[in-house]
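Below: upload_31.tsv (TSV, C-alpha atoms and all ligand atoms)
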chain	number	residue	atom	x	y	z
A	1	MET	CA	7.70	13.36	-7.50
A	2	ILE	CA	8.38	9.94	-8.98
A	3	ARG	CA	7.20	9.97	-12.58
A	4	PHE	CA	6.88	7.03	-14.95
A	5	VAL	CA	6.48	8.20	-18.53
A	6	ASP	CA	5.37	5.59	-21.10
A	7	VAL	CA	7.34	2.93	-19.28
A	8	HIS	CA	7.22	-0.71	-20.28
A	9	LYS	CA	9.30	-3.72	-19.37
A	10	SER	CA	9.91	-7.10	-20.97
A	11	TYR	CA	12.26	-9.84	-19.87
A	12	ARG	CA	14.29	-11.72	-22.45
A	13	VAL	CA	13.83	-15.45	-21.89
A	14	ASP	CA	15.16	-18.05	-24.34
A	15	GLY	CA	15.57	-15.43	-27.05
A	16	LYS	CA	12.01	-14.14	-26.66
A	17	ASP	CA	10.79	-10.88	-25.10
A	18	LEU	CA	8.17	-11.67	-22.47
A	19	PRO	CA	6.21	-8.58	-21.41
A	20	ALA	CA	6.07	-8.07	-17.62
A	21	LEU	CA	4.68	-4.51	-17.63
A	22	GLN	CA	2.55	-3.05	-20.42
A	23	PRO	CA	3.17	0.65	-21.25
A	24	PHE	CA	2.00	2.89	-18.43
A	25	SER	CA	2.45	6.40	-17.04
A	26	LEU	CA	2.09	7.15	-13.36
A	27	ASP	CA	2.96	9.95	-10.93
A	28	ILE	CA	3.72	9.39	-7.25
A	29	ALA	CA	3.67	12.62	-5.25
A	30	ASP	CA	6.31	13.66	-2.70
A	31	GLY	CA	5.42	12.61	0.82
A	32	GLU	CA	2.61	10.20	-0.05
A	33	VAL	CA	2.34	6.52	0.78
A	34	PHE	CA	1.61	4.82	-2.53
A	35	GLY	CA	0.54	1.19	-2.65
A	36	ILE	CA	0.82	-1.19	-5.58
A	37	ILE	CA	-1.37	-4.24	-5.17
A	38	GLY	CA	-1.55	-7.31	-7.38
A	39	HIS	CA	-1.51	-11.07	-7.43
A	40	SER	CA	1.65	-13.11	-7.83
A	41	GLY	CA	3.26	-12.48	-11.22
A	42	ALA	CA	1.30	-9.25	-11.84
A	43	GLY	CA	4.54	-7.25	-12.10
A	44	LYS	CA	4.71	-5.56	-8.69
A	45	SER	CA	8.39	-6.35	-7.97
A	46	THR	CA	9.34	-5.33	-11.48
A	47	LEU	CA	7.54	-2.00	-11.07
A	48	ILE	CA	9.05	-1.12	-7.70
A	49	ARG	CA	12.56	-2.16	-8.84
A	50	LEU	CA	12.28	0.20	-11.82
A	51	ILE	CA	12.26	3.14	-9.40
A	52	ASN	CA	15.86	2.58	-8.28
A	53	LEU	CA	16.74	1.00	-11.60
A	54	LEU	CA	17.46	-2.43	-10.12
A	55	GLU	CA	15.53	-3.28	-13.29
A	56	ARG	CA	15.97	-1.17	-16.42
A	57	PRO	CA	12.84	-0.32	-18.38
A	58	SER	CA	12.61	-1.65	-21.94
A	59	GLY	CA	11.25	1.76	-22.92
A	60	GLY	CA	10.09	5.05	-21.45
A	61	ARG	CA	11.56	7.29	-18.77
A	62	ILE	CA	11.60	7.28	-14.97
A	63	LEU	CA	12.06	10.65	-13.33
A	64	ILE	CA	12.71	11.42	-9.69
A	65	GLY	CA	12.26	15.15	-9.25
A	66	ASP	CA	14.05	16.59	-12.26
A	67	THR	CA	16.46	13.68	-12.59
A	68	ASP	CA	15.89	11.24	-15.42
A	69	MET	CA	17.08	8.03	-13.76
A	70	THR	CA	17.23	6.22	-17.09
A	71	ALA	CA	19.79	8.70	-18.43
A	72	LEU	CA	22.33	8.47	-15.58
A	73	GLY	CA	25.83	7.02	-15.74
A	74	ASP	CA	26.97	4.47	-13.13
A	75	ALA	CA	28.46	6.93	-10.61
A	76	GLU	CA	25.46	9.28	-10.76
A	77	LEU	CA	23.10	6.34	-10.42
A	78	ARG	CA	24.94	5.16	-7.29
A	79	ALA	CA	24.58	8.63	-5.78
A	80	GLN	CA	20.87	8.79	-6.65
A	81	ARG	CA	20.27	5.34	-5.16
A	82	ARG	CA	21.48	6.64	-1.80
A	83	ARG	CA	18.38	8.83	-1.77
A	84	ILE	CA	16.24	5.69	-2.09
A	85	GLY	CA	16.01	3.19	0.79
A	86	MET	CA	14.57	-0.28	0.32
A	87	ILE	CA	13.21	-2.99	2.61
A	88	PHE	CA	12.44	-6.58	1.68
A	89	GLN	CA	10.09	-9.42	2.55
A	90	HIS	CA	12.92	-11.57	3.90
A	91	PHE	CA	14.78	-8.63	5.48
A	92	ASN	CA	18.14	-9.34	3.71
A	93	LEU	CA	20.21	-8.70	6.85
A	94	LEU	CA	23.86	-9.72	7.20
A	95	SER	CA	23.61	-12.71	9.54
A	96	SER	CA	27.22	-12.53	10.75
A	97	GLN	CA	26.89	-8.90	11.84
A	98	THR	CA	25.17	-7.34	14.82
A	99	VAL	CA	22.14	-5.09	14.59
A	100	THR	CA	24.45	-2.07	15.01
A	101	ASP	CA	26.76	-3.18	12.19
A	102	ASN	CA	23.85	-3.97	9.89
A	103	ILE	CA	22.53	-0.44	10.35
A	104	ALA	CA	26.01	1.10	10.05
A	105	PHE	CA	26.70	-0.80	6.83
A	106	PRO	CA	25.16	1.71	4.37
A	107	LEU	CA	26.85	4.59	6.21
A	108	ARG	CA	30.26	2.97	5.75
A	109	LEU	CA	29.38	2.12	2.15
A	110	ALA	CA	28.62	5.80	1.55
A	111	GLY	CA	32.14	6.64	2.76
A	112	GLU	CA	31.55	7.63	6.39
A	113	ARG	CA	34.67	6.79	8.42
A	114	ASP	CA	34.10	8.77	11.61
A	115	ALA	CA	33.23	6.12	14.24
A	116	ALA	CA	31.60	8.64	16.59
A	117	LYS	CA	29.35	9.95	13.83
A	118	ILE	CA	28.38	6.41	12.81
A	119	ARG	CA	27.66	5.51	16.44
A	120	ALA	CA	25.46	8.59	16.93
A	121	ARG	CA	23.48	7.99	13.76
A	122	VAL	CA	22.99	4.28	14.57
A	123	ASP	CA	21.80	5.18	18.10
A	124	GLU	CA	19.31	7.65	16.65
A	125	LEU	CA	17.99	5.03	14.21
A	126	LEU	CA	17.79	2.32	16.90
A	127	GLN	CA	15.68	4.65	18.95
A	128	ARG	CA	13.40	5.47	16.04
A	129	VAL	CA	12.64	1.80	15.38
A	130	GLY	CA	12.51	0.85	19.08
A	131	LEU	CA	15.50	-1.51	19.14
A	132	THR	CA	17.95	0.27	21.44
A	133	ALA	CA	18.01	-2.71	23.80
A	134	HIS	CA	18.91	-5.08	20.94
A	135	ALA	CA	21.90	-3.20	19.47
A	136	ASN	CA	24.43	-5.97	20.06
A	137	LYS	CA	22.29	-8.93	19.05
A	138	TYR	CA	22.63	-10.90	15.82
A	139	PRO	CA	19.70	-11.24	13.38
A	140	SER	CA	19.13	-14.89	14.40
A	141	GLN	CA	18.35	-13.67	17.93
A	142	LEU	CA	15.51	-11.40	16.73
A	143	SER	CA	11.85	-11.96	15.88
A	144	GLY	CA	10.59	-11.30	12.33
A	145	GLY	CA	9.16	-7.94	13.34
A	146	GLN	CA	12.45	-6.92	14.98
A	147	LYS	CA	14.40	-8.01	11.89
A	148	GLN	CA	12.17	-5.82	9.71
A	149	ARG	CA	12.78	-2.91	12.11
A	150	VAL	CA	16.51	-3.39	11.55
A	151	GLY	CA	15.78	-3.40	7.82
A	152	ILE	CA	13.89	-0.12	8.17
A	153	ALA	CA	16.66	1.49	10.26
A	154	ARG	CA	19.26	0.40	7.69
A	155	ALA	CA	17.12	1.75	4.83
A	156	LEU	CA	16.84	5.13	6.59
A	157	ALA	CA	20.54	5.41	7.48
A	158	ASN	CA	21.53	7.70	4.60
A	159	ARG	CA	18.44	9.91	5.05
A	160	PRO	CA	16.67	8.90	1.82
A	161	SER	CA	13.71	10.84	0.45
A	162	ILE	CA	12.05	7.66	-0.86
A	163	LEU	CA	11.49	4.31	0.86
A	164	LEU	CA	10.60	1.28	-1.27
A	165	CYS	CA	8.91	-1.60	0.55
A	166	ASP	CA	8.93	-4.94	-1.28
A	167	GLU	CA	6.24	-7.06	0.46
A	168	ALA	CA	7.72	-5.84	3.75
A	169	THR	CA	5.07	-7.40	5.97
A	170	SER	CA	4.25	-10.57	4.01
A	171	ALA	CA	6.38	-12.79	6.24
A	172	LEU	CA	4.92	-11.37	9.48
A	173	ASP	CA	1.92	-12.35	11.61
A	174	PRO	CA	-1.06	-9.92	11.72
A	175	GLN	CA	-0.10	-8.24	15.01
A	176	THR	CA	3.53	-7.73	13.95
A	177	THR	CA	2.31	-6.52	10.54
A	178	ALA	CA	0.17	-3.89	12.29
A	179	SER	CA	3.12	-2.62	14.36
A	180	VAL	CA	5.49	-2.45	11.36
A	181	LEU	CA	2.82	-0.61	9.32
A	182	GLU	CA	2.35	1.81	12.21
A	183	LEU	CA	6.11	2.44	12.20
A	184	LEU	CA	6.06	3.09	8.44
A	185	ALA	CA	3.14	5.52	8.87
A	186	GLU	CA	5.04	7.33	11.65
A	187	ILE	CA	8.17	7.58	9.49
A	188	ASN	CA	6.09	8.96	6.61
A	189	ARG	CA	4.48	11.55	8.90
A	190	GLU	CA	7.59	12.65	10.74
A	191	LEU	CA	10.31	12.39	8.09
A	192	LYS	CA	7.97	13.33	5.21
A	193	LEU	CA	9.51	10.73	2.96
A	194	THR	CA	7.69	9.15	0.07
A	195	ILE	CA	6.85	5.49	0.61
A	196	VAL	CA	6.09	3.11	-2.25
A	197	LEU	CA	4.98	-0.32	-1.13
A	198	ILE	CA	3.95	-3.45	-2.94
A	199	THR	CA	1.63	-5.99	-1.40
A	200	HIS	CA	-1.00	-8.61	-2.21
A	201	GLU	CA	-3.10	-7.61	0.82
A	202	MET	CA	-5.77	-4.91	0.57
A	203	ASP	CA	-5.65	-4.52	4.32
A	204	VAL	CA	-2.05	-3.26	4.13
A	205	VAL	CA	-3.17	-0.68	1.57
A	206	ARG	CA	-6.18	0.33	3.70
A	207	ARG	CA	-4.07	0.89	6.80
A	208	VAL	CA	-1.23	3.02	5.47
A	209	CYS	CA	-1.60	4.11	1.87
A	210	ASP	CA	-2.92	7.41	0.52
A	211	ARG	CA	-3.24	6.19	-3.06
A	212	VAL	CA	-3.11	2.80	-4.72
A	213	ALA	CA	-2.58	1.26	-8.15
A	214	VAL	CA	-4.02	-2.16	-8.90
A	215	LEU	CA	-1.82	-4.26	-11.14
A	216	ASP	CA	-3.24	-7.18	-13.10
A	217	ALA	CA	-1.16	-9.21	-15.56
A	218	GLY	CA	1.25	-6.32	-16.17
A	219	ARG	CA	-1.42	-3.63	-16.50
A	220	ILE	CA	-2.49	-0.90	-14.09
A	221	VAL	CA	-6.23	-1.56	-14.20
A	222	GLU	CA	-7.29	0.98	-11.59
A	223	HIS	CA	-5.67	3.71	-9.52
A	224	GLY	CA	-6.76	6.50	-7.26
A	225	SER	CA	-7.24	7.47	-3.64
A	226	VAL	CA	-7.51	4.44	-1.37
A	227	ALA	CA	-10.94	5.58	-0.16
A	228	ASP	CA	-12.28	5.76	-3.75
A	229	VAL	CA	-10.79	2.46	-4.83
A	230	PHE	CA	-11.68	0.67	-1.60
A	231	LEU	CA	-15.27	1.89	-1.36
A	232	HIS	CA	-16.02	1.81	-5.10
A	233	PRO	CA	-13.82	-0.76	-6.83
A	234	THR	CA	-14.58	-0.93	-10.55
A	235	HIS	CA	-12.28	-3.65	-11.92
A	236	PRO	CA	-13.02	-7.32	-11.06
A	237	THR	CA	-9.48	-7.82	-9.70
A	238	THR	CA	-9.90	-4.84	-7.37
A	239	ARG	CA	-13.27	-6.16	-6.24
A	240	ARG	CA	-11.68	-9.47	-5.34
A	241	PHE	CA	-9.00	-7.75	-3.26
A	242	VAL	CA	-11.58	-5.60	-1.50
A	243	ASN	CA	-13.81	-8.60	-0.82
A	244	GLU	CA	-10.87	-10.39	0.77
A	245	ALA	CA	-10.57	-7.46	3.17
A	246	LEU	CA	-14.34	-7.40	3.85
A	247	PRO	CA	-15.37	-11.04	4.23
A	248	GLU	CA	-19.01	-10.27	4.99
A	249	GLU	CA	-19.28	-8.40	1.71
A	250	ALA	CA	-17.89	-11.33	-0.25
A	251	ALA	CA	-18.97	-12.11	-3.78
A	252	GLY	CA	-22.34	-13.80	-4.12
A	253	GLU	CA	-24.08	-11.32	-1.85
A	254	HIS	CA	-26.82	-10.67	-4.40
A	255	ALA	CA	-27.88	-14.31	-4.35
A	256	LEU	CA	-27.54	-14.34	-0.57
A	257	TYR	CA	-30.05	-11.51	-0.17
A	258	ALA	CA	-32.50	-12.61	-2.92
A	259	HIS	CA	-35.18	-13.84	-0.50
A	260	ILE	CA	-35.12	-10.70	1.66
A	261	PRO	CA	-38.01	-8.31	0.99
A	262	GLY	CA	-37.28	-4.67	0.18
A	263	ARG	CA	-34.54	-2.90	-1.72
A	264	ILE	CA	-31.03	-4.07	-0.95
A	265	LEU	CA	-28.72	-1.10	-0.60
A	266	ARG	CA	-25.11	-0.51	0.30
A	267	LEU	CA	-24.45	2.76	2.08
A	268	SER	CA	-20.91	4.12	2.31
A	269	PHE	CA	-20.11	6.79	4.87
A	270	ARG	CA	-16.84	8.72	4.82
A	271	GLY	CA	-15.31	11.04	7.37
A	272	GLU	CA	-17.67	12.86	9.71
A	273	ALA	CA	-20.74	11.31	7.99
A	274	THR	CA	-19.67	8.04	9.66
A	275	TRP	CA	-20.62	9.41	13.07
A	276	THR	CA	-23.90	11.17	12.26
A	277	PRO	CA	-27.18	9.43	13.13
A	278	ALA	CA	-28.50	10.06	9.61
A	279	LEU	CA	-30.11	6.67	9.10
A	280	GLY	CA	-32.30	6.77	12.21
A	281	ARG	CA	-33.39	10.33	11.51
A	282	VAL	CA	-34.31	9.58	7.87
A	283	ALA	CA	-36.25	6.46	8.90
A	284	ARG	CA	-38.28	8.51	11.38
A	285	GLU	CA	-38.95	11.30	8.91
A	286	THR	CA	-39.93	9.11	5.93
A	287	GLY	CA	-41.46	6.15	7.73
A	288	VAL	CA	-39.23	3.57	5.99
A	289	ASP	CA	-38.21	0.34	7.71
A	290	PHE	CA	-34.74	-1.03	7.38
A	291	ASN	CA	-32.80	-3.99	8.61
A	292	ILE	CA	-29.04	-4.29	8.58
A	293	LEU	CA	-27.63	-7.29	6.70
A	294	ALA	CA	-23.92	-6.58	6.98
A	295	GLY	CA	-21.81	-3.73	8.22
A	296	ARG	CA	-18.43	-2.46	9.19
A	297	VAL	CA	-17.05	0.72	10.67
A	298	ASP	CA	-13.30	1.16	10.37
A	299	ARG	CA	-10.63	3.51	9.09
A	300	ILE	CA	-8.96	3.99	5.73
A	301	LYS	CA	-5.64	5.34	7.00
A	302	ASP	CA	-6.88	8.31	9.07
A	303	LEU	CA	-10.32	8.55	7.45
A	304	PRO	CA	-13.20	6.96	9.36
A	305	TYR	CA	-15.61	5.12	7.10
A	306	GLY	CA	-18.61	2.88	7.42
A	307	GLN	CA	-20.28	0.50	5.04
A	308	LEU	CA	-23.73	-0.90	5.69
A	309	THR	CA	-25.68	-3.32	3.58
A	310	LEU	CA	-29.36	-3.05	4.36
A	311	ALA	CA	-32.84	-3.93	3.15
A	312	MET	CA	-35.20	-0.94	3.05
A	313	GLN	CA	-38.98	-1.08	2.69
A	314	GLY	CA	-41.88	1.38	2.59
A	315	ASN	CA	-43.32	4.10	0.38
A	316	GLY	CA	-40.73	6.63	1.43
A	317	VAL	CA	-37.61	4.76	0.21
A	318	ASP	CA	-36.84	7.16	-2.66
A	319	ALA	CA	-37.25	10.18	-0.40
A	320	ALA	CA	-35.08	8.51	2.25
A	321	LEU	CA	-32.32	7.81	-0.28
A	322	ALA	CA	-32.42	11.38	-1.58
A	323	THR	CA	-31.99	12.74	1.96
A	324	LEU	CA	-29.15	10.35	2.70
A	325	ARG	CA	-27.38	11.33	-0.51
A	326	GLU	CA	-27.75	15.00	0.45
A	327	ALA	CA	-26.03	14.15	3.74
A	328	GLY	CA	-23.00	12.95	1.76
A	329	ILE	CA	-23.72	9.23	2.06
A	330	GLU	CA	-22.97	7.21	-1.06
A	331	ILE	CA	-25.59	4.65	-2.02
A	332	GLU	CA	-25.40	1.65	-4.31
A	333	GLU	CA	-28.46	-0.40	-5.07
A	334	LEU	CA	-27.56	-4.10	-5.00
A	335	ALA	CA	-31.05	-5.50	-5.71
A	336	ARG	CA	-34.67	-4.43	-5.61
B	1	LIG	N1	14.46	-11.74	-14.02
B	1	LIG	C1	13.39	-12.19	-14.72
B	1	LIG	N2	13.54	-12.88	-15.85
B	1	LIG	C2	12.47	-13.30	-16.56
B	1	LIG	N3	11.19	-13.11	-16.20
B	1	LIG	C3	10.97	-12.44	-15.05
B	1	LIG	C4	12.05	-11.96	-14.25
B	1	LIG	N4	11.52	-11.32	-13.16
B	1	LIG	C5	10.19	-11.42	-13.29
B	1	LIG	N5	9.85	-12.08	-14.42
B	1	LIG	C6	8.48	-12.35	-14.91
B	1	LIG	O1	7.79	-11.11	-15.00
B	1	LIG	C7	6.46	-11.21	-14.52
B	1	LIG	C8	6.22	-10.26	-13.35
B	1	LIG	O2	7.02	-10.67	-12.24
B	1	LIG	P1	7.12	-9.87	-10.87
B	1	LIG	O3	8.10	-10.58	-10.01
B	1	LIG	O4	7.38	-8.43	-11.18
B	1	LIG	O5	5.65	-10.04	-10.32
B	1	LIG	P2	5.11	-9.85	-8.82
B	1	LIG	O6	3.76	-9.25	-8.97
B	1	LIG	O7	6.10	-9.12	-8.01
B	1	LIG	O8	4.99	-11.35	-8.33
B	1	LIG	P3	5.28	-11.95	-6.84
B	1	LIG	O9	4.22	-11.36	-5.94
B	1	LIG	O10	5.09	-13.43	-7.06
B	1	LIG	O11	6.67	-11.56	-6.49
B	1	LIG	C9	6.26	-12.69	-14.15
B	1	LIG	O12	5.67	-13.34	-15.25
B	1	LIG	C10	7.67	-13.18	-13.92
B	1	LIG	O13	7.77	-14.56	-14.23

Serialized structure, structure tokens:
Amino acid sequence: MIRFVDVHKSYRVDGKDLPALQPFSLDIADGEVFGIIGHSGAGKSTLIRLINLLERPSGGRILIGDTDMTALGDAELRAQRRRIGMIFQHFNLLSSQTVTDNIAFPLRLAGERDAAKIRARVDELLQRVGLTAHANKYPSQLSGGQKQRVGIARALANRPSILLCDEATSALDPQTTASVLELLAEINRELKLTIVLITHEMDVVRRVCDRVAVLDAGRIVEHGSVADVFLHPTHPTTRRFVNEALPEEAAGEHALYAHIPGRILRLSFRGEATWTPALGRVARETGVDFNILAGRVDRIKDLPYGQLTLAMQGNGVDAALATLREAGIEIEELAR
């Protein structure tokens, strides 16, 4: 468990304390993928860097398991940091060293001198990230996605229990982003390590995270399971992020649908409800008519979900909605 207890952080600039993170408490469970989303300047980097104490909090405590990170001396802190891997937006690889040497670097730094052991561990890591054929290349000879795979292998070298990802896919194209996120999900599943990632893209959160915190101007304005936050965002900042990920549901939809007769409803299906033919059945049974205005069926991590915006007409609308709710479908009325 990573636990923030009444943590806040200000930076001292020109003799003044400028708050970057307002007091907050937050728990991140072992083995989960936790996303922190926010716009530029919201405090994401500050928050993630507090975990390994690259930034010191101005107040409060940060615990990893039973260890109070804020109370450690230098040597103990160095030892604890070995349990925390980190990857970066711009990869931070050593350009004059091969892929193999980049990955071996943290092993040597931790005091490993046995060349055979280093070789074996590097081979294992190369295989995990799919770069065995590139072992002797230099970073400049690799694509962005391959460089991030080296970053991931290097971060895993000392078998950490936590992996921090600082905008790890922001410099990558969508296809490469998808493959790096898939690798992170696989690592989380197979190695059971906790992943904390910061991003400004809701789609990154949707694909890999279990839970998410939304950061706005130094405040956590919303947090919870990704399915809850994604399907029912409450804070305006969260809504904007979700709308970016669902273009057809973009703001202004109420005005867009004003001339359409009937009640405008948004139905959210989760899990197995996504695949049941509930809507057709209810329409038959209650005699309502509906037309679909917008829709999407996708996954939130491993959870199938669907969202349909529709106009519904007829005397049986209330009965239809009651039956749909009983079937576990969430309904929001956008206009009537
Ligand atoms: N070393 C520093 N000294 C002074 N102010 C800082 C420092 N680092 C960050 N800040 C300020 O703290 C606030 C939060 O910055 P932070 O980098 O944590 O945000 P962010 O959400 O990660 O932004 P970005 O996505 O642009 O990296 C900003 O106002 C920033 O200017």

Using only C-alpha atoms and all ligand atoms, I'd like a table of the residues in chain A that come within 8 Å of ligand LIG 1 (chain B); for each, show the closest atom pair and its distance in Å rounded to one decimal, ordered by chain and ascending number, as CSV.
residue,atom,partner,partner_atom,distance
A:Ser10,CA,B:LIG1,O1,7.5
A:Tyr11,CA,B:LIG1,C2,4.8
A:Arg12,CA,B:LIG1,C2,6.4
A:Val13,CA,B:LIG1,C2,5.9
A:Leu18,CA,B:LIG1,N3,7.1
A:Pro19,CA,B:LIG1,O1,7.1
A:Ala20,CA,B:LIG1,O1,4.4
A:Leu21,CA,B:LIG1,C8,7.3
A:Gly38,CA,B:LIG1,O6,5.9
A:His39,CA,B:LIG1,O6,5.8
A:Ser40,CA,B:LIG1,O10,3.5
A:Gly41,CA,B:LIG1,O5,3.5
A:Ala42,CA,B:LIG1,O6,3.8
A:Gly43,CA,B:LIG1,O4,3.2
A:Lys44,CA,B:LIG1,O6,3.8
A:Ser45,CA,B:LIG1,O7,3.6
A:Thr46,CA,B:LIG1,O4,3.7
A:Leu47,CA,B:LIG1,O4,6.4
A:Glu167,CA,B:LIG1,O9,8.0
A:Ile198,CA,B:LIG1,O7,7.9
A:Thr199,CA,B:LIG1,O9,7.5
A:His200,CA,B:LIG1,O9,7.0
A:Leu215,CA,B:LIG1,O6,7.8
A:Ala217,CA,B:LIG1,C8,7.8
A:Gly218,CA,B:LIG1,C8,6.9

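For the pair atom CA of A:Leu50 and atom CA of A:Gly65, the interatomic distance is 15.2 Å.
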
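Among the candidate residues A:Glu330, A:Asp30, A:Glu55, A:Glu182, the one lying nearest to A:His8 is A:Glu55, with distances computed using all atoms listed in the file.
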
**Request:** Kindly extract all protein, DNA and RNA residues lying within 10 Å of the coordinates (-28.5, 10.1, 6.5) given in the file, considering all atoms listed in the file, and supply them as a ChimeraX atom specification.
**Result:** /A:267,269,273-274,276-283,320-330

**Request:** Would you list the contacts of A:Val288 as a PyMOL selection string, taking every protein, DNA or RNA residue within 9 Å and counting all atoms listed in the file, but skipping same-chain residues closer than 3 positions in sequence?
**Result:** chain A and resi 282-285+312-317+320

**Sel. within 10 Å of pt (-16.6, -3.9, 11.9), counting only C-alpha atoms, output as number ranges by chain** = A: 246, 248, 294-299, 306-308

**Asked** In Å, how far is it from atom CA of A:Val33 to atom CA of A:Arg211?
**Response** 6.8 Å

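If only C-alpha atoms are the atoms counted, then among A:Arg81, A:Lys301, A:Arg263, A:Arg206 the closest residue to A:Pro160 is A:Arg81.
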
**Request:** In Å, rounded to a single decimal, give me how far atom CA of A:Leu197 is from atom CA of A:Ile36.
**Result:**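 Atom-to-atom, atom CA of A:Ile36 to atom CA of A:Leu197, that is 6.2 Å.
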
**Message:** Would you pick out the contacts of A:Glu332 at 9 Å or less, using all atoms listed in the file, so that residues sharing its chain but fewer than 2 positions from it are not included, and give the list as a list in words?
**Reply:**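 In the requested form, the answer reads Ile264, Leu265, Arg266, Leu267, Ser268, Glu330 and Leu334 of chain A.
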
So for stretch 80-98 of chain A, what box centre and size do we get, axis-aligned, 3 Å extra on each of the six sides, every listed atom, Å to one decimal, as AutoDock Vina command-line options?
--center_x 18.7 --center_y -1.9 --center_z 4.1 --size_x 23.1 --size_y 27.5 --size_z 27.5

**Request:** Excluding A:Cys209 and residues on its chain fewer than 6 positions from it, collect all residues at most 10 Å away from it, counting all atoms listed in the file, and give them as a ChimeraX atom specification.
**Result:** /A:32-36,181,185,195-197,203,225-227,300-302

Neighbours of A:Ser143 within 10 Å (all atoms listed in the file; same-chain residues fewer than 6 positions away dropped), as a PDB file with C-alpha atoms, keeping the file's coordinate frame?
ATOM      1  CA  ARG A 149      12.780  -2.910  12.110  1.00  0.00           C
ATOM      2  CA  LEU A 172       4.920 -11.370   9.480  1.00  0.00           C
ATOM      3  CA  THR A 176       3.530  -7.730  13.950  1.00  0.00           C
TER       4      THR A 176
END

**Message:** Given all atoms listed in the file as the basis, pick out the residue of A:Pro106, A:Asn188, A:Ala213, A:Ser96 nearest to A:Ala155.
**Reply:**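 Closest residue, counting all atoms listed in the file: A:Pro106.
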
**Message:** Neighbouring residues of A:Leu191 were defined as those with any atom within 10 Å, considering only C-alpha atoms; residues of the same chain fewer than 5 positions away were excluded. Please report them as a list in words.
**Reply:**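 Here the qualifying residues turn out to be Gly31, Leu156, Arg159, Pro160, Ser161, Ala185 and Glu186 of chain A.
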